[in-house]
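What follows is the content of query.txt (compact mmCIF, C-alpha atoms and all ligand atoms).
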# COMPACT_ATOMS: atom_id res chain seq x y z
CA MET A 1 0.00 0.00 0.00
CA THR A 2 1.32 3.44 -0.87
CA GLN A 3 1.71 6.06 1.81
CA SER A 4 -1.17 8.02 0.30
CA ASN A 5 -3.54 5.07 0.37
CA TYR A 6 -2.42 4.25 3.87
CA THR A 7 -3.31 7.76 5.05
CA LYS A 8 -6.63 7.66 3.23
CA ASN A 9 -7.46 4.40 4.88
CA ILE A 10 -6.72 5.77 8.35
CA LEU A 11 -8.74 8.93 7.73
CA ASN A 12 -11.54 6.93 6.09
CA ILE A 13 -11.50 8.91 2.86
CA LYS A 14 -13.17 7.00 0.07
CA ASP A 15 -12.74 9.38 -2.88
CA VAL A 16 -10.25 7.80 -5.33
CA ASN A 17 -9.42 11.27 -6.71
CA VAL A 18 -7.95 12.50 -3.44
CA ASN A 19 -4.24 11.82 -3.04
CA PHE A 20 -1.94 12.63 -0.14
CA TYR A 21 1.50 14.15 -0.71
CA GLU A 22 4.59 12.42 0.61
CA ASN A 23 5.35 13.49 4.16
CA CYS A 24 1.88 14.97 4.19
CA LEU A 25 1.53 15.27 7.96
CA GLU A 26 2.57 18.24 10.07
CA THR A 27 1.61 19.24 13.59
CA LYS A 28 0.78 22.92 13.88
CA ILE A 29 -0.68 25.23 16.47
CA ILE A 30 -3.93 26.63 15.08
CA ASN A 31 -5.88 29.08 17.25
CA GLY A 32 -3.77 27.95 20.19
CA VAL A 33 -4.64 24.27 19.69
CA GLU A 34 -2.26 21.58 18.55
CA THR A 35 -3.66 20.38 15.20
CA LYS A 36 -2.76 17.57 12.81
CA VAL A 37 -2.47 19.06 9.31
CA PHE A 38 -2.60 16.75 6.30
CA ARG A 39 -1.76 17.93 2.77
CA ALA A 40 -3.50 16.41 -0.20
CA TYR A 41 -4.55 17.17 -3.76
CA LEU A 42 -7.66 16.49 -5.77
CA THR A 43 -7.56 15.90 -9.51
CA TYR A 44 -9.19 13.76 -12.19
CA HIS A 45 -10.04 13.81 -15.89
CA VAL A 46 -13.10 15.60 -17.20
CA HIS A 47 -14.43 14.62 -20.58
CA VAL A 48 -17.55 16.78 -21.01
CA CYS A 49 -17.67 20.50 -20.25
CA PRO A 50 -20.36 21.14 -17.58
CA PHE A 51 -21.12 24.52 -19.22
CA CYS A 52 -21.22 24.01 -22.98
CA LYS A 53 -21.44 20.18 -22.91
CA HIS A 54 -18.67 20.08 -25.54
CA GLU A 55 -16.66 16.87 -25.44
CA GLY A 56 -12.88 16.60 -25.25
CA SER A 57 -12.15 20.31 -24.82
CA ILE A 58 -11.21 20.31 -21.11
CA ILE A 59 -7.64 20.87 -20.01
CA LYS A 60 -6.10 20.93 -16.54
CA TRP A 61 -5.46 24.60 -15.95
CA ASN A 62 -3.99 25.35 -12.50
CA TRP A 63 -4.68 24.80 -8.78
CA LYS A 64 -6.79 26.30 -6.06
CA ARG A 65 -4.40 25.69 -3.21
CA ASN A 66 -4.74 25.09 0.55
CA CYS A 67 -8.49 24.70 0.82
CA LYS A 68 -8.99 24.06 4.54
CA ILE A 69 -11.25 21.11 5.39
CA LYS A 70 -12.12 20.08 8.92
CA ILE A 71 -12.14 16.32 9.44
CA PRO A 72 -12.97 14.21 12.52
CA LYS A 73 -10.33 14.21 15.25
CA VAL A 74 -7.29 11.96 14.94
CA SER A 75 -6.26 10.35 18.24
CA ASN A 76 -8.18 13.16 19.89
CA TYR A 77 -6.20 15.88 18.09
CA ASN A 78 -8.02 18.41 15.97
CA ALA A 79 -7.33 17.58 12.34
CA ILE A 80 -7.61 19.37 9.02
CA ILE A 81 -6.76 18.64 5.42
CA LEU A 82 -5.18 21.35 3.29
CA LEU A 83 -6.49 20.32 -0.08
CA ASP A 84 -5.17 21.56 -3.42
CA LYS A 85 -8.04 21.40 -5.88
CA GLN A 86 -7.49 21.13 -9.63
CA ARG A 87 -8.87 23.97 -11.72
CA PHE A 88 -10.08 22.98 -15.21
CA LYS A 89 -10.58 25.07 -18.31
CA CYS A 90 -12.78 24.45 -21.32
CA LYS A 91 -11.01 25.50 -24.50
CA HIS A 92 -14.32 25.62 -26.31
CA CYS A 93 -16.22 28.10 -24.09
CA ASN A 94 -13.33 29.39 -21.95
CA HIS A 95 -15.12 28.62 -18.66
CA THR A 96 -13.01 27.49 -15.73
CA PHE A 97 -14.19 25.31 -12.84
CA ILE A 98 -12.79 23.55 -9.79
CA ALA A 99 -12.69 19.84 -9.02
CA THR A 100 -15.29 18.56 -6.55
CA SER A 101 -15.26 15.64 -4.13
CA PRO A 102 -17.69 13.70 -1.92
CA LEU A 103 -15.17 14.47 0.83
CA VAL A 104 -16.67 17.92 1.24
CA ASP A 105 -19.64 19.88 -0.12
CA LYS A 106 -19.11 22.88 -2.38
CA PHE A 107 -18.52 26.16 -0.48
CA CYS A 108 -18.12 24.25 2.77
CA ASN A 109 -15.05 23.68 4.92
CA ILE A 110 -16.47 20.93 7.11
CA SER A 111 -15.94 17.45 5.70
CA ASN A 112 -18.91 15.17 5.20
CA ASN A 113 -17.31 12.73 7.63
CA THR A 114 -17.42 15.42 10.30
CA LYS A 115 -21.04 16.18 9.46
CA LEU A 116 -21.91 12.52 9.83
CA SER A 117 -20.11 12.39 13.15
CA ILE A 118 -22.12 15.43 14.33
CA LYS A 119 -25.37 13.79 13.24
CA LEU A 120 -24.50 10.63 15.14
CA ASP A 121 -23.62 12.68 18.21
CA LEU A 122 -26.97 14.49 17.94
CA MET A 123 -28.68 11.13 18.40
CA ASN A 124 -27.08 10.77 21.82
CA LYS A 125 -27.73 12.56 25.05
CA ILE A 126 -24.94 15.12 24.73
CA SER A 127 -25.26 18.89 24.77
CA GLU A 128 -24.81 20.75 21.49
CA LYS A 129 -21.95 22.73 22.97
CA ASP A 130 -20.09 19.49 23.69
CA ILE A 131 -20.85 18.18 20.21
CA ALA A 132 -19.29 21.33 18.74
CA ILE A 133 -16.13 20.89 20.83
CA ARG A 134 -15.88 17.19 20.08
CA ASN A 135 -16.04 17.81 16.35
CA ASN A 136 -13.90 20.95 16.27
CA VAL A 137 -16.66 23.09 14.76
CA SER A 138 -18.60 26.11 15.97
CA HIS A 139 -21.92 25.88 17.79
CA ASP A 140 -23.46 27.58 14.74
CA SER A 141 -22.31 24.74 12.50
CA VAL A 142 -24.07 22.24 14.78
CA ASN A 143 -27.18 24.43 14.68
CA ARG A 144 -27.12 24.48 10.89
CA ILE A 145 -27.10 20.69 10.81
CA ILE A 146 -30.06 20.56 13.21
CA ASP A 147 -31.88 23.07 10.97
CA TYR A 148 -31.18 20.90 7.98
CA LEU A 149 -32.45 17.74 9.69
CA SER A 150 -35.59 19.44 11.00
CA LYS A 151 -36.52 20.79 7.56
CA LYS A 152 -35.88 17.46 5.91
CA SER A 153 -38.26 15.54 8.19
CA VAL A 154 -41.79 16.81 7.63
CA LEU A 155 -44.38 14.11 8.21
CA PRO A 156 -43.43 11.20 10.42
CA GLY A 157 -45.08 8.33 8.57
CA THR A 158 -48.38 6.49 8.99
CA LEU A 159 -50.71 7.46 11.83
CA PRO A 160 -50.70 4.83 14.59
CA SER A 161 -54.00 3.03 15.23
CA ILE A 162 -53.78 3.80 18.95
CA ILE A 163 -52.72 7.34 19.79
CA ASN A 164 -51.79 8.77 23.17
CA ILE A 165 -51.85 12.50 23.60
CA ASP A 166 -50.03 14.53 26.17
CA GLU A 167 -48.73 18.04 26.57
CA PHE A 168 -45.47 19.35 27.91
CA LYS A 169 -43.83 22.66 28.47
CA ALA A 170 -41.43 23.02 25.58
CA THR A 171 -39.48 26.18 24.99
CA LYS A 172 -39.77 29.91 25.37
CA ASP A 173 -40.61 30.42 21.70
CA THR A 174 -43.44 27.85 21.62
CA LYS A 175 -46.74 29.46 20.68
CA GLY A 176 -49.04 29.03 23.65
CA LYS A 177 -46.14 27.62 25.72
CA MET A 178 -47.33 23.99 25.73
CA ALA A 179 -46.32 21.55 23.03
CA PHE A 180 -48.77 18.93 21.77
CA HIS A 181 -47.25 15.49 22.00
CA ILE A 182 -48.53 12.56 19.91
CA ILE A 183 -47.32 9.13 21.00
CA ASN A 184 -47.61 5.79 19.27
CA ASN A 185 -49.15 3.51 21.89
CA ARG A 186 -47.74 0.33 20.35
CA THR A 187 -44.12 1.46 20.48
CA GLY A 188 -44.40 3.87 23.41
CA LYS A 189 -42.40 6.34 21.34
CA THR A 190 -43.02 9.85 20.12
CA PHE A 191 -44.88 10.00 16.83
CA ASP A 192 -44.74 13.77 16.47
CA ILE A 193 -44.58 16.97 18.46
CA LEU A 194 -46.57 20.03 17.46
CA GLU A 195 -45.74 23.53 18.44
CA SER A 196 -49.34 24.61 18.93
CA ARG A 197 -52.27 22.89 20.58
CA LYS A 198 -54.81 25.31 19.18
CA SER A 199 -57.77 23.64 17.47
CA ASN A 200 -57.19 25.11 14.01
CA ALA A 201 -53.51 24.15 14.07
CA LEU A 202 -54.39 20.59 15.08
CA LEU A 203 -57.07 20.34 12.41
CA LYS A 204 -54.66 21.55 9.75
CA TYR A 205 -52.01 19.09 10.90
CA PHE A 206 -54.17 15.96 11.04
CA MET A 207 -56.06 16.71 7.85
CA ARG A 208 -52.80 16.35 5.93
CA PHE A 209 -52.96 12.61 6.55
CA PRO A 210 -55.04 10.66 4.01
CA ARG A 211 -58.62 9.91 5.03
CA LYS A 212 -57.92 6.19 4.96
CA GLN A 213 -55.25 6.58 7.65
CA ARG A 214 -57.50 8.73 9.80
CA LEU A 215 -60.31 6.18 9.57
CA ASN A 216 -57.86 3.59 10.76
CA VAL A 217 -57.28 5.33 14.11
CA LYS A 218 -59.10 3.14 16.62
CA PHE A 219 -58.34 4.69 20.01
CA ILE A 220 -57.22 8.06 21.33
CA VAL A 221 -56.18 8.42 24.98
CA MET A 222 -55.96 11.89 26.48
CA ASP A 223 -56.60 14.40 29.24
CA MET A 224 -59.96 16.08 29.94
CA PHE A 225 -59.83 19.04 27.61
CA GLU A 226 -63.19 19.59 25.96
CA PRO A 227 -62.19 21.21 22.64
CA TYR A 228 -60.07 18.16 21.71
CA TYR A 229 -62.98 15.76 22.11
CA LYS A 230 -65.17 17.57 19.60
CA LEU A 231 -62.30 18.12 17.22
CA PHE A 232 -61.08 14.51 17.27
CA LYS A 233 -64.55 13.16 16.69
CA THR A 234 -64.48 15.04 13.35
CA ILE A 235 -60.94 14.12 12.40
CA PHE A 236 -61.11 10.47 13.48
CA PRO A 237 -64.73 9.36 13.04
CA ASN A 238 -63.97 5.72 13.91
CA ALA A 239 -61.93 6.37 17.03
CA VAL A 240 -63.03 5.60 20.57
CA ILE A 241 -61.91 8.49 22.75
CA ILE A 242 -60.65 7.49 26.18
CA THR A 243 -59.95 9.75 29.14
CA ASP A 244 -56.62 8.85 30.67
CA LYS A 245 -57.17 7.35 34.12
CA PHE A 246 -54.02 8.95 35.53
CA HIS A 247 -55.51 12.35 34.80
CA VAL A 248 -58.73 11.31 36.55
CA VAL A 249 -56.79 10.24 39.64
CA ALA A 250 -54.66 13.39 39.55
CA LEU A 251 -57.72 15.64 39.48
CA ALA A 252 -59.42 13.84 42.38
CA SER A 253 -56.17 13.75 44.30
CA ASN A 254 -55.73 17.47 43.84
CA ALA A 255 -59.25 18.15 45.13
CA LEU A 256 -58.45 16.19 48.29
CA LYS A 257 -55.16 18.05 48.72
CA CYS A 258 -56.85 21.44 48.47
CA THR A 259 -59.49 20.34 50.98
CA ARG A 260 -56.84 19.20 53.44
CA VAL A 261 -54.93 22.48 53.12
CA LYS A 262 -58.12 24.42 53.76
CA CYS A 263 -58.77 22.38 56.92
CA MET A 264 -55.19 22.83 58.01
CA LYS A 265 -55.54 26.61 57.96
CA HIS A 266 -58.56 26.49 60.26
CA ASP A 267 -57.28 23.91 62.70
CA LYS A 268 -54.34 25.07 64.81
CA LYS A 269 -54.50 22.00 67.04
CA ASN A 270 -54.07 19.49 64.24
CA TYR A 271 -52.11 21.72 61.84
CA ASN A 272 -48.87 19.72 62.09
CA LYS A 273 -50.55 16.35 61.71
CA LEU A 274 -52.56 17.51 58.67
CA LYS A 275 -49.42 18.94 57.16
CA HIS A 276 -47.02 16.12 57.86
CA TYR A 277 -49.14 13.12 56.90
CA TRP A 278 -50.40 14.37 53.53
CA LYS A 279 -48.97 11.39 51.68
CA LEU A 280 -50.81 8.87 53.84
CA ILE A 281 -54.12 10.59 53.16
CA GLN A 282 -53.57 10.44 49.41
CA LYS A 283 -52.81 6.72 49.58
CA PHE A 284 -55.34 4.05 48.61
CA GLU A 285 -56.87 2.99 51.94
CA ASP A 286 -56.43 -0.76 51.32
CA ASP A 287 -52.68 -0.19 51.10
CA LEU A 288 -52.42 1.46 54.54
CA ASP A 289 -50.55 -0.56 57.15
CA LYS A 290 -52.90 -1.69 59.93
CA ASP A 291 -50.44 -3.73 61.99
CA LYS A 292 -47.02 -2.14 62.23
CA LYS A 293 -46.84 0.51 64.91
CA LYS A 294 -44.19 3.19 64.68
CA TYR A 295 -43.40 6.00 67.07
CA SER A 296 -44.80 9.34 65.91
CA VAL A 297 -43.57 12.63 67.32
CA TYR A 298 -46.81 14.28 66.23
CA PHE A 299 -48.93 11.86 68.24
CA GLY A 300 -46.38 11.22 71.00
CA LYS A 301 -46.94 7.46 70.84
CA GLU A 302 -46.64 4.29 68.78
CA ILE A 303 -49.29 4.30 66.08
CA THR A 304 -50.13 2.58 62.76
CA ASP A 305 -50.58 4.39 59.44
CA TYR A 306 -54.23 3.34 59.37
CA GLU A 307 -54.84 4.86 62.81
CA ILE A 308 -53.15 8.09 61.75
CA VAL A 309 -55.40 8.47 58.70
CA THR A 310 -58.52 7.57 60.74
CA TYR A 311 -57.64 10.25 63.27
CA ILE A 312 -56.91 12.92 60.67
CA ILE A 313 -60.01 12.50 58.51
CA ASN A 314 -62.17 12.62 61.65
CA THR A 315 -60.89 16.07 62.57
CA ASN A 316 -63.28 17.60 60.04
CA SER A 317 -66.55 16.32 58.56
CA GLU A 318 -65.98 17.96 55.15
CA LEU A 319 -62.54 16.37 54.96
CA LYS A 320 -63.98 13.00 55.89
CA ALA A 321 -66.72 13.11 53.26
CA THR A 322 -64.24 14.29 50.60
CA TYR A 323 -61.79 11.57 51.60
CA GLU A 324 -64.46 8.92 51.18
CA VAL A 325 -65.39 10.15 47.72
CA TYR A 326 -61.73 10.17 46.75
CA GLN A 327 -61.23 6.62 48.01
CA GLY A 328 -64.36 5.53 46.14
CA ILE A 329 -62.97 6.92 42.90
CA LEU A 330 -59.65 5.13 43.44
CA ARG A 331 -61.51 1.91 44.18
CA SER A 332 -63.75 2.15 41.13
CA ILE A 333 -60.74 2.76 38.87
CA LYS A 334 -58.72 -0.06 40.42
CA ASN A 335 -61.59 -2.52 40.09
CA LYS A 336 -62.87 -1.09 36.78
CA ASP A 337 -66.20 -0.77 38.56
CA VAL A 338 -68.44 1.29 36.29
CA GLU A 339 -71.41 1.10 38.65
CA LEU A 340 -69.50 2.40 41.65
CA PHE A 341 -67.95 5.20 39.61
CA THR A 342 -71.30 6.29 38.21
CA LYS A 343 -72.89 6.19 41.65
CA ILE A 344 -70.16 8.42 43.13
CA ILE A 345 -70.24 11.05 40.42
CA THR A 346 -74.02 11.29 40.20
CA SER A 347 -74.99 11.25 43.88
CA LYS A 348 -75.57 14.69 45.36
CA GLN A 349 -73.21 14.91 48.30
CA LYS A 350 -73.66 18.14 50.22
CA SER A 351 -70.98 17.54 52.83
CA ILE A 352 -67.99 17.30 50.45
CA SER A 353 -65.74 20.28 49.71
CA GLU A 354 -66.30 22.70 46.83
CA TYR A 355 -63.08 21.42 45.26
CA MET A 356 -64.42 17.88 45.09
CA LYS A 357 -67.83 19.10 43.90
CA ASN A 358 -66.18 20.79 40.93
CA THR A 359 -64.08 17.74 40.22
CA LEU A 360 -67.18 15.53 40.15
CA LYS A 361 -68.82 17.99 37.76
CA THR A 362 -65.87 17.55 35.40
CA PHE A 363 -66.06 13.76 35.74
CA ASN A 364 -69.74 13.92 34.89
CA LYS A 365 -69.01 15.84 31.73
CA PHE A 366 -66.44 13.23 30.65
CA SER A 367 -68.06 10.17 32.24
CA TYR A 368 -68.63 8.41 28.94
CA HIS A 369 -64.93 8.63 28.05
CA ILE A 370 -63.72 7.85 31.56
CA ILE A 371 -65.81 4.68 31.53
CA ASN A 372 -64.17 3.84 28.20
CA SER A 373 -60.88 3.63 30.08
CA PHE A 374 -62.42 0.94 32.32
CA LYS A 375 -63.62 -1.00 29.29
CA PHE A 376 -60.58 -0.85 27.05
CA ASN A 377 -57.77 -0.80 29.56
CA LEU A 378 -55.76 1.87 27.74
CA ASN A 379 -54.00 4.71 29.52
CA ASN A 380 -51.11 7.13 29.26
CA GLY A 381 -48.74 4.91 31.26
CA VAL A 382 -46.77 4.18 28.10
CA ILE A 383 -45.67 7.77 27.72
CA GLU A 384 -43.67 7.90 30.93
CA GLY A 385 -40.59 6.71 29.06
CA VAL A 386 -40.74 9.46 26.45
CA ASN A 387 -41.44 12.08 29.07
CA ASN A 388 -38.33 11.04 30.96
CA LEU A 389 -36.35 11.31 27.74
CA ILE A 390 -37.67 14.82 27.15
CA LYS A 391 -36.73 15.89 30.67
CA CYS A 392 -33.27 14.46 30.15
CA ILE A 393 -32.77 16.31 26.84
CA LYS A 394 -33.94 19.56 28.42
CA ARG A 395 -31.44 19.10 31.21
CA ILE A 396 -28.40 18.46 29.03
CA ALA A 397 -29.26 21.38 26.80
CA PHE A 398 -29.82 23.83 29.67
CA GLY A 399 -33.12 24.91 28.10
CA TYR A 400 -33.87 25.28 24.44
CA ARG A 401 -34.89 28.58 22.96
CA SER A 402 -35.90 27.20 19.58
CA PHE A 403 -38.82 24.79 19.57
CA TYR A 404 -37.69 23.16 16.32
CA HIS A 405 -34.23 22.40 17.65
CA PHE A 406 -35.68 20.85 20.75
CA LYS A 407 -38.12 18.80 18.73
CA THR A 408 -35.40 17.65 16.31
CA ARG A 409 -33.21 16.45 19.16
CA ILE A 410 -36.11 14.52 20.72
CA MET A 411 -36.95 12.94 17.37
CA LEU A 412 -33.30 12.06 16.67
CA ILE A 413 -32.61 10.58 20.08
CA ALA A 414 -35.90 8.66 19.98
CA GLY A 415 -34.79 7.26 16.62
CA ILE A 416 -37.78 8.75 14.71
CA TYR A 417 -35.72 11.08 12.53
CA LYS A 418 -32.97 9.47 10.54
CA TYR A 419 -29.61 11.18 10.23
CA ASN A 420 -29.14 10.59 6.52
ZN ZN B 501 -17.17 24.49 -22.35

Show me this structure written as structure tokens.
Amino acid sequence: MTQSNYTKNILNIKDVNVNFYENCLETKIINGVETKVFRAYLTYHVHVCPFCKHEGSIIKWNWKRNCKIKIPKVSNYNAIILLDKQRFKCKHCNHTFIATSPLVDKFCNISNNTKLSIKLDLMNKISEKDIAIRNNVSHDSVNRIIDYLSKKSVLPGTLPSIINIDEFKATKDTKGKMAFHIINNRTGKTFDILESRKSNALLKYFMRFPRKQRLNVKFIVMDMFEPYYKLFKTIFPNAVIITDKFHVVALASNALKCTRVKCMKHDKKNYNKLKHYWKLIQKFEDDLDKDKKKYSVYFGKEITDYEIVTYIINTNSELKATYEVYQGILRSIKNKDVELFTKIITSKQKSISEYMKNTLKTFNKFSYHIINSFKFNLNNGVIEGVNNLIKCIKRIAFGYRSFYHFKTRIMLIAGIYKYN
């Protein structure tokens, strides 16, 4: 193997028209950093003039020397190629032009190998600043590659037959602050992320999918947000819409929390107990420990969790009634007991708190879809994984200002967007 081929092999340069000079390697200090500098030249024969299409009139003219090309690091040193490019001239039309190579795009000084390396890094949980340093390019260059990838990927494929919908706080530039997150239930992965959750934006987005695909959507699982229900009935006429049970529990749980805090403020005697044992009150009553006694500073004696909760809910009749409604809702969801759930939300209970009254009103409005969740056993549990990923990406990036960059990273790391 010649020295030139040997160097090409090490640097993974495939273009047969690139050749390295003898003793092509020097170590230089560039911008204060020790850099490996390789010298090479690019030449080949051209038969047809790209301008006048005349054949056999091209001659090798002169060189465009020392074109600087950044390549991936070599043994962790920054590395560049100083490439001499052949200039050609057409004797027929007098045009001149410069040799090109798959090594690097026209008007660009970052090699395609470096670009590929950046794209692969973007698929991992590394900050963009670190990717720039790793690849010896500016942060702007990394941003340009993200821009390119985000523009290239427009629609993410066929609509899943079971869709989960969630929202999350995206970036400062997001219209309406919350991003609309569509998840494929089968894979548990992001299907797409939309910048706006406004009805007309959603309509416009989903209507771009062929009718056949929309008819094929069987289930949609989501939070209790009325405008979506009407909208999705139009977009997906065959879909069963299911209210996510975790959102149901969260709403009821919050009503109990607010009730407890209200009681706390009016009960100096039990203030500390109401404050300290909030977690026990939120717990499903069947899971409370009835046997194991532990010493409690707040009670000044050995006491079981069950006894603590019994004491606390009996400090206030409104709290007790609200607690019982809350436990009933948990029980009906756990046992998929439609009858119990319906009984709780329809019975007029005067003694419960205003918070719980409002919550039950909401449940009434969505009861048909909540009961669907009992029947079909679908919920938003699958999306926990993607949400953790999103949190992680936010953390490494120290907050994204551009929604599209954030989205592109999520889609790349989740493996939805392809790098090439
Ligand atoms: Zn020509």

Exercise: A:Lys89 partners within 9 Å, all atoms listed in the file, chain neighbours under 4 positions left out, as a short mmCIF file (atom, residue, chain, number, x, y, z; two decimals) with C-alpha atoms, in the coordinates of the input:
data_model
loop_
_atom_site.label_atom_id
_atom_site.label_comp_id
_atom_site.auth_asym_id
_atom_site.auth_seq_id
_atom_site.Cartn_x
_atom_site.Cartn_y
_atom_site.Cartn_z
CA CYS A 49 -17.67 20.50 -20.25
CA SER A 57 -12.15 20.31 -24.82
CA ILE A 58 -11.21 20.31 -21.11
CA ILE A 59 -7.64 20.87 -20.01
CA LYS A 60 -6.10 20.93 -16.54
CA TRP A 61 -5.46 24.60 -15.95
CA ASN A 62 -3.99 25.35 -12.50
CA CYS A 93 -16.22 28.10 -24.09
CA ASN A 94 -13.33 29.39 -21.95
CA HIS A 95 -15.12 28.62 -18.66
CA THR A 96 -13.01 27.49 -15.73
CA PHE A 97 -14.19 25.31 -12.84
CA ILE A 98 -12.79 23.55 -9.79
#

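Compared by their closest atoms to A:Asp84, and using only C-alpha atoms, the residues A:Leu251, A:Cys67, A:Ile352, A:Met224 rank with A:Cys67 nearest.
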
Please determine, counting only C-alpha atoms and all ligand atoms, which residue among A:Trp278, A:Phe232, A:Phe88, A:Tyr417 has the shortest atom-to-atom distance to ligand ZN 501 (chain B).
A:Phe88

Within 7 Å of file point (-53.8, 16.5, 57.0), counting only C-alpha atoms, expressed as a count of residues only:
9

Step by step: start from the point (-19.9, 21.3, 1.5) in the file's coordinates, keep every protein, DNA or RNA residue that has an atom no farther than 12 Å from it, count all atoms listed in the file, and write the set as a list in words.
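It turns out the residues near that spot are Cys67, Lys68, Ile69, Lys70, Thr100, Ser101, Pro102, Leu103, Val104, Asp105, Lys106, Phe107, Cys108, Asn109, Ile110, Ser111, Asn112, Asn113, Thr114, Lys115, Ser141 and Ile145 of chain A.
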
What is the distance between atom CA of A:Asp289 and atom CA of A:Lys301, in Å to one decimal?
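Distance between the two atoms: 16.3 Å.
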
For the atom pair atom CA of A:Ile383 and atom CA of A:Phe180, what is the interatomic distance in Å to one decimal place?
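A separation of 13.0 Å between them.
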
Do a neighbour search on A:Leu389 at 10 Å with only C-alpha atoms, toss out local chain neighbours closer than 4 positions, and write the hits as an MDAnalysis selection string.
chainID A and resid 125 383:385 393:395 410 413:414

When you look at stretch 193-197 of chain A with a cut-off of 9 Å (counting only C-alpha atoms), what residues show up, excluding the ones that are within fewer than 4 positions of it in the same chain? I need them as a PyMOL selection string.
chain A and resi 167+170+174-183+201-202+205+403-404+407+411

For A:Lys257, list every protein, DNA or RNA residue within 12 Å, evaluated using only C-alpha atoms, and leave out those in the same chain fewer than 6 positions away; present the list as a PyMOL selection string.
chain A and resi 250-251+263-264+274-275+277-283+319+322-323+326+353+355-356

Under the rule that only C-alpha atoms and all ligand atoms are counted, which of A:Val37, A:Ile371, A:Cys52, A:Cys24 is the nearest residue to ligand ZN 501 (chain B)?
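Checking each candidate against ligand ZN 501 (chain B), we get A:Cys52 as the closest.
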
Determine the nearest neighbour of ligand ZN 501 (chain B) from the options A:Val48, A:Val18, A:Val33, A:Ile80, counting only C-alpha atoms and all ligand atoms.
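Ranked by minimum distance to ligand ZN 501 (chain B), first place goes to A:Val48.
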
Separation of atom ZN of ligand ZN 501 (chain B) from atom CA of A:Glu55 in Å:
8.2 Å

Residue among A:Arg208, A:Lys73, A:His54, A:Lys28 lying closest to A:Asn136, counting all atoms listed in the file
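Nearest to A:Asn136: A:Lys73.
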
Using all atoms listed in the file, find the one residue out of A:Ser127, A:Asn200, A:Thr190, A:Asn314 that sits nearest to A:Asn387.
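That would be A:Thr190, the residue with the smallest distance to A:Asn387.
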
A:Ser373: which residues within 9 Å, counting only C-alpha atoms, same-chain residues fewer than 3 positions away excluded, as a list of chain:residue names?
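With the cut-off at 9 Å, the set is A:Val221, A:Ile241, A:Ile242, A:Thr243, A:Asp244, A:Lys245, A:Ile333, A:Lys336, A:His369, A:Ile370, A:Phe376, A:Asn377, A:Leu378, A:Asn379.
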